[in-house]
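Report on the following structure.
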Amino acid sequence: MSKRDFYDVLGVSKGASADEIKKAYRSKAKELHPDRNSDNPKAESQFKEANEAYEILKDANKKAAYDRYGHAAFEGGGGGPRPGHGFGGGDFSSAFSDVFDDLFGDFMGGQRGGGRRAARGSDLRYNLRVTMEDAYSGLQKSIHVPTAVACSACDGNGAEGGAEPTTCPTCSGMGKVRAQQGFFTVERTCPTCSGLGQIIKNPCKTCGGQGRVEKDRALNVNIPAGVETGTRIRLAGEGEAGMRGGPPGDLYIFVEVQAHDLFERDGTNLYCRVPVSMAKAALGGAIEVPTIDGGRGRVQIPAGSQSGRQMRLRGKGMPALRGGGIGDMFIELAVETPVNLTSRQKELLREFEDLSEDNNPESKTFFSSVKSFWDGMKG
Ligand SMILES: [Zn+2]
Ligand SMILES: [Zn+2]
């Protein structure tokens, strides 16, 4: 499937400024948001498409790469996301923080009169690559996430020496101020307290009044059996700490399962292409095949098997995520024509060919169809 040009998706020209791109994205996102388009099945994919386009175009580096190489800049070649890349607010929270907080603020009229509105911490994204074997068995993984944690010097409230923060005089603790803009009265985040409703006279020296500090956090995560590329695991509350005691964000682990040398996966089924010699395919016999659990399976090849013949090993596929059984493994035979023949082998094969009569029914059928085709052309 060919991908649409990102500029077309957002409806802007190539020369559009960062502001114009953001504006175009916001109006697309409003228009296409799934919550408002329950009767339009196409909206969701268009919404995703707009998100994807904006992810790239809002980032100067990615935009430059896209302008030079097009979609190829972000596809294939083992490039792709890697652990350690794309952490933090910058990348992932873009659509959901810098635009959607605004959006929902617009829709819902913000948190009116909420008073102590402590800002929630950002969600974090962690890209994790796992092997097919790990995806089969599930694994316990220790990861390091650069994040923000509550400041221990001030207990997260941002004030030096345990002093209580005081109510912001500009907004009287509302966190918002009203301003006239054209015909409308709009509410803005209070510039004095940044919407928190409180100010701190003596900010904590350790965290500068933020109530949180940067830290590399080690986490043990449990990757369940059956994950696939694109599986997203949410660890609630494991994202960045909020500002001045606000609730923490969530951590999302995005899984990428690496390709395997022997097995190809389709959902819960596995496919393994197994070469067999011409003689074995003709005579039949047993072969041993690998299974994803590290074991061996024995498969009986019927005499006269052709290339492409599939045989099923039940229950030797991948487990479904969160229960729901296990898939099958399919062996696909690939009959290998022998090469590097000795003169003795050639002699035997010629003798065999001379003795062959009804041994190749498919060839026979084919050539008789060919003959009637040519005969038909004449008539
Ligand atoms: Zn204020
Ligand atoms: Zn502090």
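By convention in this document, the chains of the structure tokens carry letters A, B, ... by their order, each chain's residues are numbered from 1, and ligands are numbered from 1 in the order they are shown.
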Proximity check chain A to ligand 1, 6 Å, nearest pairs one decimal Å, only C-alpha atoms and all ligand atoms, as a tab-separated table:
residue	atom	partner	partner_atom_place_in_ligand_line	distance
A:Cys168	CA	ligand 1	1 (Zn)	4.5
A:Thr170	CA	ligand 1	1 (Zn)	4.9
A:Cys171	CA	ligand 1	1 (Zn)	4.2
A:Gly173	CA	ligand 1	1 (Zn)	5.7
A:Gly175	CA	ligand 1	1 (Zn)	4.8
A:Cys190	CA	ligand 1	1 (Zn)	4.6
A:Thr192	CA	ligand 1	1 (Zn)	4.9
A:Cys193	CA	ligand 1	1 (Zn)	4.1
A:Gly195	CA	ligand 1	1 (Zn)	5.9
A:Gly197	CA	ligand 1	1 (Zn)	4.7
Restricting the output to C-alpha atoms, write the selected residues as a tab-separated table (two decimals), in the first residue's frame.
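Saved the output as part.tsv:
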chain	number	residue	atom	x	y	z
A	168	CYS	CA	-1.22	32.57	44.02
A	170	THR	CA	-2.71	36.68	40.51
A	171	CYS	CA	-5.42	34.06	40.08
A	173	GLY	CA	-5.68	29.94	43.43
A	175	GLY	CA	-4.85	28.53	38.12
A	190	CYS	CA	-2.18	31.85	35.01
A	192	THR	CA	2.33	33.66	37.70
A	193	CYS	CA	1.79	30.13	38.96
A	195	GLY	CA	-1.76	27.01	36.44
A	197	GLY	CA	-2.84	27.92	41.81
Compute the set of protein, DNA and RNA residues whose minimum atom distance to ligand 2 is at most 6 Å, using only C-alpha atoms and all ligand atoms, and state it as an mmCIF file with all heavy atoms, in the first residue's frame.
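What ended up in part.cif:
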data_model
loop_
_atom_site.group_PDB
_atom_site.id
_atom_site.type_symbol
_atom_site.label_atom_id
_atom_site.label_comp_id
_atom_site.auth_asym_id
_atom_site.auth_seq_id
_atom_site.Cartn_x
_atom_site.Cartn_y
_atom_site.Cartn_z
ATOM 1 N N CYS A 151 10.960 14.923 44.250
ATOM 2 C CA CYS A 151 12.144 15.400 44.960
ATOM 3 C C CYS A 151 12.045 15.002 46.434
ATOM 4 O O CYS A 151 11.040 15.261 47.090
ATOM 5 C CB CYS A 151 12.225 16.922 44.830
ATOM 6 S SG CYS A 151 13.493 17.663 45.869
ATOM 7 N N ALA A 153 14.029 16.050 48.884
ATOM 8 C CA ALA A 153 14.361 17.139 49.812
ATOM 9 C C ALA A 153 13.111 17.894 50.261
ATOM 10 O O ALA A 153 13.021 18.340 51.400
ATOM 11 C CB ALA A 153 15.355 18.093 49.163
ATOM 12 N N CYS A 154 12.147 18.048 49.382
ATOM 13 C CA CYS A 154 10.948 18.843 49.728
ATOM 14 C C CYS A 154 9.691 17.986 49.710
ATOM 15 O O CYS A 154 8.580 18.508 49.785
ATOM 16 C CB CYS A 154 10.790 20.008 48.761
ATOM 17 S SG CYS A 154 10.557 19.484 47.055
ATOM 18 N N GLY A 156 8.410 16.619 47.327
ATOM 19 C CA GLY A 156 7.645 16.814 46.102
ATOM 20 C C GLY A 156 6.819 18.094 46.054
ATOM 21 O O GLY A 156 6.229 18.393 45.035
ATOM 22 N N GLY A 158 7.995 21.261 46.457
ATOM 23 C CA GLY A 158 8.745 22.339 45.815
ATOM 24 C C GLY A 158 9.196 23.476 46.725
ATOM 25 O O GLY A 158 9.892 24.365 46.283
ATOM 26 N N CYS A 204 12.574 25.089 46.775
ATOM 27 C CA CYS A 204 13.518 24.062 47.209
ATOM 28 C C CYS A 204 14.783 24.144 46.359
ATOM 29 O O CYS A 204 14.717 24.246 45.139
ATOM 30 C CB CYS A 204 12.841 22.692 47.060
ATOM 31 S SG CYS A 204 13.966 21.305 47.121
ATOM 32 N N THR A 206 17.083 21.899 45.908
ATOM 33 C CA THR A 206 17.418 20.674 45.195
ATOM 34 C C THR A 206 16.714 20.594 43.838
ATOM 35 O O THR A 206 17.299 20.206 42.845
ATOM 36 C CB THR A 206 17.042 19.442 46.050
ATOM 37 O OG1 THR A 206 17.630 19.609 47.326
ATOM 38 C CG2 THR A 206 17.521 18.166 45.405
ATOM 39 N N CYS A 207 15.445 20.993 43.822
ATOM 40 C CA CYS A 207 14.677 20.804 42.593
ATOM 41 C C CYS A 207 14.277 22.125 41.956
ATOM 42 O O CYS A 207 13.558 22.136 40.952
ATOM 43 C CB CYS A 207 13.433 19.973 42.870
ATOM 44 S SG CYS A 207 12.293 20.773 44.017
ATOM 45 N N GLY A 209 12.182 24.204 42.962
ATOM 46 C CA GLY A 209 10.758 24.491 43.140
ATOM 47 C C GLY A 209 9.846 23.628 42.285
ATOM 48 O O GLY A 209 8.635 23.746 42.339
ATOM 49 N N GLY A 211 9.566 20.380 42.471
ATOM 50 C CA GLY A 211 9.021 19.246 43.208
ATOM 51 C C GLY A 211 9.441 17.907 42.630
ATOM 52 O O GLY A 211 9.011 16.854 43.079
#
message: DSSP on the backbone, alpha helix (DSSP H) only: what residues of region 93-328 of chain A does that give? Format it as JSON, numbers by chain.
response: {"A": [93, 100, 101, 102, 103, 104, 105, 106, 107, 108, 132, 133, 134, 135, 136, 137, 278, 279, 280, 281, 282, 283]}
field: Neighbour list for region 264-267 of chain A as a ChimeraX atom specification, cut-off 9 Å, only C-alpha atoms, skip fewer than 2 positions in-chain
entry: /A:132,228,259-262,269-273,317-318,320,327
Selected residues, N, CA, C and O atoms, written as a PDB file, in the first residue's frame, please.
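What ended up in out.pdb:
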ATOM      1  N   MET A 132      12.152 -13.581  19.032  1.00  0.00           N
ATOM      2  CA  MET A 132      10.947 -14.396  18.860  1.00  0.00           C
ATOM      3  C   MET A 132      10.833 -15.408  19.999  1.00  0.00           C
ATOM      4  O   MET A 132       9.741 -15.683  20.489  1.00  0.00           O
ATOM      5  N   GLU A 228       3.589  -9.115  20.308  1.00  0.00           N
ATOM      6  CA  GLU A 228       3.913  -8.963  18.894  1.00  0.00           C
ATOM      7  C   GLU A 228       4.481  -7.574  18.675  1.00  0.00           C
ATOM      8  O   GLU A 228       4.337  -6.704  19.531  1.00  0.00           O
ATOM      9  N   ALA A 259      12.831 -10.297  13.684  1.00  0.00           N
ATOM     10  CA  ALA A 259      12.607 -11.399  12.750  1.00  0.00           C
ATOM     11  C   ALA A 259      13.482 -12.583  13.155  1.00  0.00           C
ATOM     12  O   ALA A 259      14.524 -12.415  13.787  1.00  0.00           O
ATOM     13  N   HIS A 260      13.040 -13.780  12.828  1.00  0.00           N
ATOM     14  CA  HIS A 260      13.767 -14.990  13.196  1.00  0.00           C
ATOM     15  C   HIS A 260      14.340 -15.642  11.936  1.00  0.00           C
ATOM     16  O   HIS A 260      13.757 -15.543  10.868  1.00  0.00           O
ATOM     17  N   ASP A 261      15.489 -16.300  12.073  1.00  0.00           N
ATOM     18  CA  ASP A 261      16.104 -16.944  10.913  1.00  0.00           C
ATOM     19  C   ASP A 261      15.281 -18.112  10.387  1.00  0.00           C
ATOM     20  O   ASP A 261      15.271 -18.385   9.190  1.00  0.00           O
ATOM     21  N   LEU A 262      14.634 -18.833  11.291  1.00  0.00           N
ATOM     22  CA  LEU A 262      13.963 -20.068  10.887  1.00  0.00           C
ATOM     23  C   LEU A 262      12.449 -19.941  10.785  1.00  0.00           C
ATOM     24  O   LEU A 262      11.824 -20.622   9.976  1.00  0.00           O
ATOM     25  N   ASN A 269       0.360 -18.272  14.471  1.00  0.00           N
ATOM     26  CA  ASN A 269       0.944 -19.375  13.695  1.00  0.00           C
ATOM     27  C   ASN A 269       2.381 -19.082  13.286  1.00  0.00           C
ATOM     28  O   ASN A 269       2.749 -17.948  13.065  1.00  0.00           O
ATOM     29  N   LEU A 270       3.145 -20.157  13.203  1.00  0.00           N
ATOM     30  CA  LEU A 270       4.526 -20.034  12.747  1.00  0.00           C
ATOM     31  C   LEU A 270       4.688 -20.833  11.458  1.00  0.00           C
ATOM     32  O   LEU A 270       4.027 -21.856  11.263  1.00  0.00           O
ATOM     33  N   TYR A 271       5.554 -20.359  10.606  1.00  0.00           N
ATOM     34  CA  TYR A 271       5.834 -21.041   9.345  1.00  0.00           C
ATOM     35  C   TYR A 271       7.324 -21.305   9.251  1.00  0.00           C
ATOM     36  O   TYR A 271       8.124 -20.436   9.559  1.00  0.00           O
ATOM     37  N   CYS A 272       7.652 -22.537   8.835  1.00  0.00           N
ATOM     38  CA  CYS A 272       9.066 -22.873   8.698  1.00  0.00           C
ATOM     39  C   CYS A 272       9.239 -23.590   7.361  1.00  0.00           C
ATOM     40  O   CYS A 272       8.557 -24.571   7.072  1.00  0.00           O
ATOM     41  N   ARG A 273      10.130 -23.063   6.539  1.00  0.00           N
ATOM     42  CA  ARG A 273      10.364 -23.629   5.219  1.00  0.00           C
ATOM     43  C   ARG A 273      11.504 -24.631   5.357  1.00  0.00           C
ATOM     44  O   ARG A 273      12.592 -24.266   5.800  1.00  0.00           O
ATOM     45  N   GLY A 317       2.910 -23.423  17.681  1.00  0.00           N
ATOM     46  CA  GLY A 317       3.031 -22.025  17.270  1.00  0.00           C
ATOM     47  C   GLY A 317       3.267 -21.122  18.463  1.00  0.00           C
ATOM     48  O   GLY A 317       3.836 -21.542  19.475  1.00  0.00           O
ATOM     49  N   MET A 318       2.821 -19.875  18.352  1.00  0.00           N
ATOM     50  CA  MET A 318       3.017 -18.884  19.401  1.00  0.00           C
ATOM     51  C   MET A 318       1.778 -18.824  20.291  1.00  0.00           C
ATOM     52  O   MET A 318       0.663 -19.027  19.829  1.00  0.00           O
ATOM     53  N   ALA A 320      -1.192 -17.010  22.332  1.00  0.00           N
ATOM     54  CA  ALA A 320      -1.919 -15.756  22.174  1.00  0.00           C
ATOM     55  C   ALA A 320      -1.661 -14.906  23.408  1.00  0.00           C
ATOM     56  O   ALA A 320      -1.498 -15.431  24.506  1.00  0.00           O
ATOM     57  N   GLY A 327      -0.985 -21.241  18.938  1.00  0.00           N
ATOM     58  CA  GLY A 327      -1.156 -21.496  17.508  1.00  0.00           C
ATOM     59  C   GLY A 327      -0.430 -22.758  17.047  1.00  0.00           C
ATOM     60  O   GLY A 327       0.100 -23.519  17.852  1.00  0.00           O
TER      61      GLY A 327
END
Would you mind listing what lies within 12 Å of Asp8 (chain A) as a CSV table (one decimal) with N, CA and C atoms, in the first residue's frame, with only C-alpha atoms counted and same-chain residues fewer than 5 positions away left out?
chain,number,residue,atom,x,y,z
A,3,LYS,N,1.9,5.1,0.7
A,3,LYS,CA,1.5,6.0,1.8
A,3,LYS,C,1.3,7.4,1.2
A,13,SER,N,1.4,23.2,2.5
A,13,SER,CA,2.4,23.2,1.5
A,13,SER,C,3.8,22.8,2.1
A,14,LYS,N,4.7,22.5,1.2
A,14,LYS,CA,6.0,22.1,1.7
A,14,LYS,C,6.7,23.2,2.4
A,16,ALA,N,5.5,25.2,4.5
A,16,ALA,CA,4.7,25.7,5.7
A,16,ALA,C,5.6,25.8,6.9
A,21,ILE,N,2.0,24.2,10.4
A,21,ILE,CA,1.9,22.7,10.5
A,21,ILE,C,1.1,22.4,11.8
A,24,ALA,N,-2.6,23.3,11.3
A,24,ALA,CA,-3.3,22.4,10.4
A,24,ALA,C,-3.5,21.1,11.1
A,25,TYR,N,-2.6,20.6,11.9
A,25,TYR,CA,-2.7,19.3,12.6
A,25,TYR,C,-3.9,19.5,13.6
A,28,LYS,N,-7.2,19.3,11.9
A,28,LYS,CA,-7.4,17.9,11.4
A,28,LYS,C,-7.8,17.0,12.6
A,46,GLN,N,-7.8,7.9,9.3
A,46,GLN,CA,-7.3,9.2,8.9
A,46,GLN,C,-6.7,10.0,10.1
A,49,GLU,N,-3.4,8.6,10.6
A,49,GLU,CA,-2.5,9.1,9.5
A,49,GLU,C,-2.0,10.5,9.8
A,50,ALA,N,-3.0,11.4,10.3
A,50,ALA,CA,-2.6,12.8,10.6
A,50,ALA,C,-1.6,12.8,11.8
A,53,ALA,N,1.8,11.8,10.4
A,53,ALA,CA,2.4,12.9,9.7
A,53,ALA,C,2.9,14.0,10.6
A,54,TYR,N,2.1,14.3,11.6
A,54,TYR,CA,2.5,15.4,12.5
A,54,TYR,C,3.7,15.0,13.3
A,57,LEU,N,6.6,15.8,10.9
A,57,LEU,CA,6.7,17.2,10.4
A,57,LEU,C,7.0,18.2,11.6
field: All residues 9 Å or closer to Thr147 (chain A), only C-alpha atoms, same chain fewer than 2 positions away omitted, as a list in words
entry: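 Selected residues are Phe87, Gly88, Leu124, Val145, Val149, Val213, Glu214, Lys215, Asp216, Arg217, Gly239, Glu240 and Ala241 of chain A.
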Could you give me, as a PDB file with N, CA and C atoms, in the first residue's frame, the residues within 6 Å of Asp123 (chain A), counting only C-alpha atoms and dropping anything in the same chain fewer than 6 positions from it?
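Once written, part.pdb looks like this:
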ATOM      1  N   GLY A 239       5.393   6.733  34.747  1.00  0.00           N
ATOM      2  CA  GLY A 239       5.965   7.799  33.912  1.00  0.00           C
ATOM      3  C   GLY A 239       6.624   8.850  34.777  1.00  0.00           C
ATOM      4  N   GLY A 249       2.774  10.451  35.352  1.00  0.00           N
ATOM      5  CA  GLY A 249       2.284   9.944  34.065  1.00  0.00           C
ATOM      6  C   GLY A 249       2.455   8.437  34.007  1.00  0.00           C
ATOM      7  N   ASP A 250       2.180   7.873  32.852  1.00  0.00           N
ATOM      8  CA  ASP A 250       2.313   6.431  32.670  1.00  0.00           C
ATOM      9  C   ASP A 250       3.530   6.126  31.803  1.00  0.00           C
ATOM     10  N   LEU A 251       4.012   4.909  31.924  1.00  0.00           N
ATOM     11  CA  LEU A 251       5.103   4.465  31.066  1.00  0.00           C
ATOM     12  C   LEU A 251       4.531   3.458  30.070  1.00  0.00           C
TER      13      LEU A 251
END
message: Please report the interatomic distance between CA of Arg178 (chain A) and CA of Arg36 (chain A) in Å with one decimal.
response: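 Taking CA of Arg178 (chain A) as the start and CA of Arg36 (chain A) as the end point, the length is 27.9 Å.
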- prompt: Could you state the separation of CA of Lys30 (chain A) and CA of Glu55 (chain A) in Å, given to one decimal place?
  reply: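 These atoms are spaced 16.2 Å apart.
Our summary of the geometry notes that CA of Arg298 (chain A) is positioned 22.9 Å from CA of Thr337 (chain A).
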